[in-house]
Amino acid sequence: MPSKPRSLWESITADAVPAGRLYGARATVELAGLARGSSFGPRLEELRGRSVLLAVKDPLRAALAMLELDGVAARMVLCPADLSPEHLPAIARAAAADACVADAESAAARLEGMRTAVDIEPRLLPHDAERLNSHTTEWVLLTSGTTGAPKLVQHDLSTLTDALAGARPGPEAVVWATFYDIRRYGGLQIFLRAVHLGSLVPADPAEAVPAFLERARAAGVTHISGTPSHWRKVLMSGAAATIAPRYVRLSGEIADQAVLDALRATYPQAMVAHAFASTEAGVAFEVRDGAAGFPASLVGASDSRVRLSVAGGTLHVRSGGNAHGYLGPDASAFPRSSDGAIDTGDLIEERAGRYHFLGRQGGVINVGGLKVYPEEIEAVINAHPWVRMSLVRARRNPITGAVVVADVVLAEESPGATRPASEELTRELLSNCRQSLAAYKVPTMIRVVQGLDVSPSGKLVRPNA
Amino acid sequence: MSVRSTVQSQFEQVATEQGRKLAPLGEDLKLIDCGLDSLSFAIIVARLEDSLGVDPFSSETAVDFPVTFGDFVRLYESVAK
C-alpha cells in the first residue's frame with residue numbers, strides 16, 4: 001500500500017527540529033515553536049477537511065497558515081494581498097470554499113456559503129495536540145485570466161516541491177528573503193525552500209525597498225529573490241549595498257543582460273541566477289552562467305527532472321512540477337498539449353546556441369510582472385465615437401520589461417460631423433483610459449495611424465512580441 | 001532644450017499624469033524619494049527615448065543604474081548626441 005504523502009510540517013521536521021524563523025514586518029516566529037504551539041489555537045480543528053480560502057493580507061500570518069493547514073484542509077486557496085475583493089465570490093464558488101482564514105476587514109468572511117471564518121495570530125498559542133496529517137491538501141494558486149478574473153491553478157505539496165528534490169539543510173544557515181508575495185507561485189517556491197532549509201524574510205506589501213533590505217540584513221539574509229523589475233528598483237534605491245547575499249535570483253520576467261551585469265557588479269560575492277517558472281508549468285530551469293537566455297542544450301535533454309521542448313515557437317515544459325489543471329469554469333482552457341507537456345505561451349528563439357525569450361504568445365503584455373490583455377484596453381479606446389479601431393501592443397522597456405502603447409485609427413468625417421484635432425482626441429482617449437483602467441494598463445503613448453493590418457479571416461494582425 | 005531640462009520636464013509631466021507629488025528635483029535628490037513609482041520611471045524612459053533618441057539602460061555597454069536625479073541626468077547626457 002502506498003504510504004500517505006508527507007504533510008509540509010512532516011516534511012520540514014523529517015530529519016530534525018527546524019532551526020529557522022519567519023521574519024514578519026512586525027513579529028518573528030520560530031518554526032520550532034510550531035511543534036508545541038499553533039497560530040490557530042484550538043480552532044485549527046474547525047478547518048480539517050474543509051475547502052479554505054486563505055485571505056489574510058499579512059505575509060507572516062499567511063506563512064503560518066500554510067504550514068499548519070497542509071495535511072489538515074482538503075483544499076487551500078491562496079489569495080495574494082493585492083487580490084481585488086470583487087473576484088472573491090467567483091473564486092469561492094469555483095473552489096466550493098466553506099471556510100476562510102481572513103483579516104477582520106476581509107470580504108471573504110462575509111461570502112455566501114462561508115460556514116467558518118477564522119482570524120489568525122501572528123504568534124503561537126499553546127497547543128498540545130499532535131499534528132495529524134489526515135488530508136492530501138490541494139493547493140490552489142491564482143493567476144490572472146483573460147477578462148482580469150483569476151484562474152485557479154491546482155497543485156499539491158508534491159508538485160510544488162518537485163524542484164526542491166529532497167534538499168536538506170546544509171551546515172551553513174540559509175536565510176531567504178523575497179520581494180514576491182509568497183502566495184503567488186514565485187514567492188511560494190521561495191517560502192517552501194526557506195522553511196525546508198532555513199529562515200524566510202517575506203516583503204510586506206506596504207514596505208519600501210530600503211526598509212525591506214534593512215530587515216533582510218538584520219535577519220542575516222543569504223539568499224534573495226525578485227523579478228528583474230524588483231531588482232532594478234533595488235539598484236536605483238541607493239540601498240542595494242545594505243545586503244551582501246551569497247545568492248541573488250531573478251524570475252517572473254525576462255532577465256536582460258543589463259540587469260544581470262548590474263547585479264553581478266553590485267554583489268560580486270554572490271551567485272546571480274535567473275530562473276524560469278510559471279504557475280501552470282512549475283519551475284523549469286535555473287541559469288547560473290550570468291548570461292541572458294538559456295543554453296539550447298537544455299531543450300530535449302532527457303537526463304533531467306524536467307523535459308523542455310519547443311513547439312509552435314513556444315516553450316513547453318513537462319515535469320513533476322506541472323500543475324494538475326484549472327479548477328472551475330476555466331478547466332478546459334488548461335494549456336496541456338497533446339504530448340502531456342504544459343505550453344507556457346512564452347515565445348522563444350534560438351540565437352548562437354542559446355534560447356532567448358521574445359514575449360508572450362497571444363499578445364499578453366507583462367508590465368513589471370503584471371499581465372495586461374490588449375483587448376481590455378482596446379475595448380476602452382474603441383468606446384470613443386471617433387475611434388474606428390485600435391491596436392494595443394507592448395513596447396520594450398528597461399524598467400518594467402514592457403509598457404503599453406496604442407495605435408488608433410480614427411473614423412471618417414461625414415458632412416454633418418467635423419472631427420476634432422488628433423491631439424485633442426488622444427488626450428480624451430488617455431483620460432478615458434485613466435478613468436477606467438489601472439495605471440499600468442493605461443497606454444504610455446497613443447498614436448493616430450492611417451490603418452491597421454487585418455488578416456484574411458478579419459482579425460487584427462497582432463505583433464507576436 | 002538641454003538634456004537636463006528635457007529630463008526635468010518629463011519628470012514633471014509624468015508626475016502630473018500619474019497623480020504623484022514630485023519632490024523638488026535637486027542634484028542629490030534620491031530617485032527613491034522623488035515621489036515616482038516604477039511605472040512612472042518606465043514612462044519617463046520611454047518618452048525620453050522618443051525625444052532624445054537614446055535609451056541608456058538598454059545600451060550594449062554596462063550601465064551604472066542611477067541613484068540620484070543628478071546621476072539620472074548625467075546618464076542621459078553621457079549618451080545623448
# chains A, B, ... in the order shown; residues from 1 in each chain; ligands from 1
call {"tool": "interface_residues", "arguments": {"of": "chain B", "to": "chain A", "cutoff": "9 Å", "atoms": "only C-alpha atoms", "output": "JSON, numbers by chain"}}
result
{"B": [18, 30, 31, 32, 33, 38, 39, 41, 42, 43, 45, 46, 47, 55, 57, 58, 59, 60, 61, 62, 63, 64, 65, 66, 67, 68]}
call {"tool": "write_last_selection", "arguments": {"atoms": "N, CA and C atoms", "output": "compact mmCIF listing (two decimals), in the first residue's frame"}}
result
# COMPACT_ATOMS: atom_id res chain seq x y z
N GLN B 18 0.37 60.91 -13.46
CA GLN B 18 0.18 59.76 -12.57
C GLN B 18 -0.37 60.20 -11.21
N LYS B 30 17.46 61.64 -4.05
CA LYS B 30 17.46 60.22 -4.36
C LYS B 30 16.20 59.90 -5.15
N LEU B 31 16.37 59.12 -6.23
CA LEU B 31 15.21 58.78 -7.07
C LEU B 31 14.12 58.12 -6.24
N ILE B 32 14.53 57.32 -5.26
CA ILE B 32 13.54 56.60 -4.46
C ILE B 32 12.70 57.55 -3.62
N ASP B 33 13.22 58.76 -3.38
CA ASP B 33 12.49 59.74 -2.58
C ASP B 33 11.77 60.78 -3.43
N SER B 38 7.78 52.78 -10.09
CA SER B 38 8.47 52.14 -11.21
C SER B 38 7.77 52.43 -12.54
N LEU B 39 6.43 52.40 -12.52
CA LEU B 39 5.71 52.65 -13.76
C LEU B 39 6.01 54.05 -14.28
N PHE B 41 8.75 55.74 -13.85
CA PHE B 41 10.09 55.72 -14.45
C PHE B 41 10.07 55.04 -15.82
N ALA B 42 9.27 53.98 -15.94
CA ALA B 42 9.18 53.29 -17.22
C ALA B 42 8.66 54.25 -18.29
N ILE B 43 7.66 55.05 -17.93
CA ILE B 43 7.08 56.00 -18.89
C ILE B 43 8.10 57.09 -19.23
N VAL B 45 11.36 56.89 -19.20
CA VAL B 45 12.41 56.33 -20.05
C VAL B 45 11.90 56.15 -21.49
N ALA B 46 10.64 55.71 -21.64
CA ALA B 46 10.08 55.53 -22.99
C ALA B 46 9.97 56.89 -23.70
N ARG B 47 9.49 57.91 -22.99
CA ARG B 47 9.31 59.23 -23.60
C ARG B 47 10.65 59.87 -23.93
N ASP B 55 18.20 55.28 -25.29
CA ASP B 55 17.78 54.57 -24.09
C ASP B 55 19.04 54.01 -23.45
N PHE B 57 19.64 52.69 -20.72
CA PHE B 57 19.50 51.47 -19.92
C PHE B 57 19.66 50.22 -20.79
N SER B 58 19.38 50.34 -22.08
CA SER B 58 19.42 49.17 -22.94
C SER B 58 20.66 49.15 -23.82
N SER B 59 21.64 49.96 -23.48
CA SER B 59 22.84 50.00 -24.32
C SER B 59 23.63 48.71 -24.17
N GLU B 60 24.53 48.49 -25.09
CA GLU B 60 25.32 47.25 -25.09
C GLU B 60 26.35 47.25 -23.98
N THR B 61 26.81 48.44 -23.62
CA THR B 61 27.83 48.51 -22.57
C THR B 61 27.16 48.51 -21.19
N ALA B 62 27.94 48.24 -20.18
CA ALA B 62 27.41 48.14 -18.82
C ALA B 62 26.80 49.47 -18.38
N VAL B 63 25.73 49.39 -17.61
CA VAL B 63 25.03 50.59 -17.14
C VAL B 63 25.25 50.72 -15.64
N ASP B 64 25.60 51.92 -15.19
CA ASP B 64 25.54 52.20 -13.76
C ASP B 64 24.14 52.71 -13.46
N PHE B 65 23.34 51.91 -12.78
CA PHE B 65 21.98 52.35 -12.52
C PHE B 65 22.00 53.61 -11.66
N PRO B 66 21.29 54.65 -12.07
CA PRO B 66 21.34 55.93 -11.35
C PRO B 66 20.62 55.84 -10.01
N VAL B 67 21.14 56.55 -9.04
CA VAL B 67 20.53 56.55 -7.72
C VAL B 67 19.93 57.93 -7.40
N THR B 68 20.61 59.00 -7.85
CA THR B 68 20.09 60.34 -7.61
C THR B 68 19.60 60.95 -8.93
call {"tool": "residues_around", "arguments": {"residues": "Ser39 in chain A", "least_positions_apart": "5", "cutoff": "8 Å", "atoms": "only C-alpha atoms", "output": "MDAnalysis selection string"}}
result
chainID A and resid 64:65 120:125
call {"tool": "write_last_selection", "arguments": {"atoms": "C-alpha atoms", "output": "mmCIF file, in the first residue's frame"}}
result
data_model
loop_
_atom_site.group_PDB
_atom_site.id
_atom_site.type_symbol
_atom_site.label_atom_id
_atom_site.label_comp_id
_atom_site.auth_asym_id
_atom_site.auth_seq_id
_atom_site.Cartn_x
_atom_site.Cartn_y
_atom_site.Cartn_z
ATOM 1 C CA LEU A 64 1.900 30.228 9.373
ATOM 2 C CA ALA A 65 -1.478 29.222 7.947
ATOM 3 C CA ILE A 120 -5.043 34.001 12.752
ATOM 4 C CA GLU A 121 -2.474 35.266 15.242
ATOM 5 C CA PRO A 122 0.969 36.370 14.049
ATOM 6 C CA ARG A 123 2.335 34.417 17.056
ATOM 7 C CA LEU A 124 1.899 30.964 18.530
ATOM 8 C CA LEU A 125 -0.731 29.967 21.073
#
call {"tool": "closest_residue", "arguments": {"among": "A:Ala104, A:Ala165, A:Leu250, A:Val201", "to": "Ala292 in chain A", "atoms": "only C-alpha atoms"}}
result
A:Leu250
call {"tool": "closest_residue", "arguments": {"among": "A:Ser297, A:Ser225, A:Gln361, A:Ser278", "to": "Gly312 in chain A", "atoms": "only C-alpha atoms"}}
result
A:Gln361
call {"tool": "atom_distance", "arguments": {"atom1": "CA of Glu428 in chain A", "atom2": "CA of Leu410 in chain A"}}
result
13.0 Å
call {"tool": "select_by_dssp", "arguments": {"residues": "chain B", "states": "alpha helix (DSSP H)", "output": "JSON, numbers by chain"}}
result
{"B": [3, 4, 5, 6, 7, 8, 9, 10, 11, 12, 13, 14, 15, 16, 17, 38, 39, 40, 41, 42, 43, 44, 45, 46, 47, 48, 49, 50, 51, 52, 69, 70, 71, 72, 73, 74, 75, 76, 77, 78, 79]}
call {"tool": "residues_around", "arguments": {"residues": "range 149-160 of chain A", "least_positions_apart": "4", "cutoff": "7 Å", "atoms": "only C-alpha atoms", "output": "list in words"}}
result
His87, Thr137, Glu138, Trp139, Val140, Leu141, Leu142, Thr143, Ser144, Gly145, Glu280, Gly320, Gly321, Asn322, Ala323, His324, Gly325, Tyr326, Leu327 and Asp330 of chain A
call {"tool": "closest_residue", "arguments": {"among": "A:Ser7, A:Ser436, A:Thr426, A:Ser337", "to": "Ala379 in chain A", "atoms": "only C-alpha atoms"}}
result
A:Ser436
call {"tool": "residues_around", "arguments": {"residues": "Arg393 in chain A", "least_positions_apart": "6", "cutoff": "10 Å", "atoms": "only C-alpha atoms", "output": "list in words"}}
result
Gly363, Val364, Ile365, Val372, Tyr373, Pro374, Glu375, Ile377, Glu378, Ala402, Val403, Val404, Val405, Ala406, Asp407, Pro443, Arg462, Pro463, Asn464 and Ala465 of chain A
call {"tool": "residues_around", "arguments": {"residues": "Arg50 in chain A", "least_positions_apart": "5", "cutoff": "12 Å", "atoms": "only C-alpha atoms", "output": "list of chain:residue names"}}
result
A:Leu44, A:Glu45, A:Leu69, A:Asp70, A:Gly71, A:Val72, A:Ala73, A:Ala74, A:Arg75, A:Met76, A:Val77, A:Ala95, A:Ala96, A:Ala97, A:Asp98, A:Ala99, A:Cys100, A:Val101, A:Met114, A:Arg115, A:Thr116, A:Ala117, A:Ser134, A:His135, A:Thr136, A:Thr137, A:Glu138
call {"tool": "select_by_dssp", "arguments": {"residues": "range 67-274 of chain A", "states": "strand (DSSP E or B)", "output": "number ranges by chain"}}
result
A: 75-78, 99-102, 116-118, 125-126, 138-144, 150-156, 174-178, 198-202, 223-226, 247-250, 271-274
call {"tool": "write_last_selection", "arguments": {"atoms": "C-alpha atoms", "output": "mmCIF file, in the first residue's frame"}}
result
data_model
loop_
_atom_site.group_PDB
_atom_site.id
_atom_site.type_symbol
_atom_site.label_atom_id
_atom_site.label_comp_id
_atom_site.auth_asym_id
_atom_site.auth_seq_id
_atom_site.Cartn_x
_atom_site.Cartn_y
_atom_site.Cartn_z
ATOM 1 C CA ARG A 75 -8.179 22.416 -0.204
ATOM 2 C CA MET A 76 -6.398 25.703 0.420
ATOM 3 C CA VAL A 77 -6.880 28.657 -1.954
ATOM 4 C CA LEU A 78 -4.022 31.176 -1.685
ATOM 5 C CA ALA A 99 -14.227 28.179 5.365
ATOM 6 C CA CYS A 100 -11.836 31.088 5.323
ATOM 7 C CA VAL A 101 -8.827 32.400 7.149
ATOM 8 C CA ALA A 102 -9.198 36.151 6.896
ATOM 9 C CA THR A 116 -16.436 29.183 9.291
ATOM 10 C CA ALA A 117 -14.268 32.291 9.402
ATOM 11 C CA VAL A 118 -11.072 32.231 11.437
ATOM 12 C CA LEU A 125 -0.731 29.967 21.073
ATOM 13 C CA PRO A 126 -0.085 26.957 23.312
ATOM 14 C CA GLU A 138 -4.947 20.574 -2.746
ATOM 15 C CA TRP A 139 -3.130 23.912 -3.058
ATOM 16 C CA VAL A 140 -4.872 26.365 -5.393
ATOM 17 C CA LEU A 141 -2.921 29.327 -6.776
ATOM 18 C CA LEU A 142 -4.415 32.254 -8.653
ATOM 19 C CA THR A 143 -3.190 33.700 -11.939
ATOM 20 C CA SER A 144 -4.718 36.487 -13.952
ATOM 21 C CA PRO A 150 -8.164 34.951 -11.880
ATOM 22 C CA LYS A 151 -7.764 31.343 -12.968
ATOM 23 C CA LEU A 152 -7.492 28.715 -10.215
ATOM 24 C CA VAL A 153 -4.433 26.509 -10.704
ATOM 25 C CA GLN A 154 -4.393 23.149 -8.899
ATOM 26 C CA HIS A 155 -1.237 21.902 -7.195
ATOM 27 C CA ASP A 156 -0.361 19.796 -4.191
ATOM 28 C CA VAL A 174 20.239 29.857 4.883
ATOM 29 C CA VAL A 175 18.087 32.965 5.216
ATOM 30 C CA TRP A 176 15.869 33.625 2.218
ATOM 31 C CA ALA A 177 14.309 36.992 1.508
ATOM 32 C CA THR A 178 11.820 37.614 -1.279
ATOM 33 C CA GLY A 198 16.367 27.775 6.990
ATOM 34 C CA SER A 199 14.534 31.053 7.516
ATOM 35 C CA LEU A 200 12.362 33.439 5.491
ATOM 36 C CA VAL A 201 12.022 37.219 5.310
ATOM 37 C CA PRO A 202 8.989 37.947 3.123
ATOM 38 C CA HIS A 223 19.597 34.242 -0.492
ATOM 39 C CA ILE A 224 17.192 36.721 -2.077
ATOM 40 C CA SER A 225 14.773 36.625 -4.981
ATOM 41 C CA GLY A 226 12.652 39.003 -7.028
ATOM 42 C CA TYR A 247 22.812 34.116 -3.914
ATOM 43 C CA VAL A 248 20.653 36.502 -5.951
ATOM 44 C CA ARG A 249 17.786 35.105 -8.004
ATOM 45 C CA LEU A 250 15.654 36.694 -10.727
ATOM 46 C CA MET A 271 25.909 33.811 -7.456
ATOM 47 C CA VAL A 272 23.457 35.682 -9.718
ATOM 48 C CA ALA A 273 20.975 33.213 -11.202
ATOM 49 C CA HIS A 274 17.825 33.631 -13.250
#
call {"tool": "residues_around", "arguments": {"residues": "Glu12 in chain B", "least_positions_apart": "3", "cutoff": "12 Å", "atoms": "only C-alpha atoms", "output": "PyMOL selection string"}}
result
chain B and resi 5-9+15-25+34-36+40-41+43-44
call {"tool": "residues_around", "arguments": {"residues": "Val195 in chain A", "least_positions_apart": "4", "cutoff": "8 Å", "atoms": "only C-alpha atoms", "output": "JSON, numbers by chain"}}
result
{"A": [12, 18, 20, 31, 191, 199, 200]}
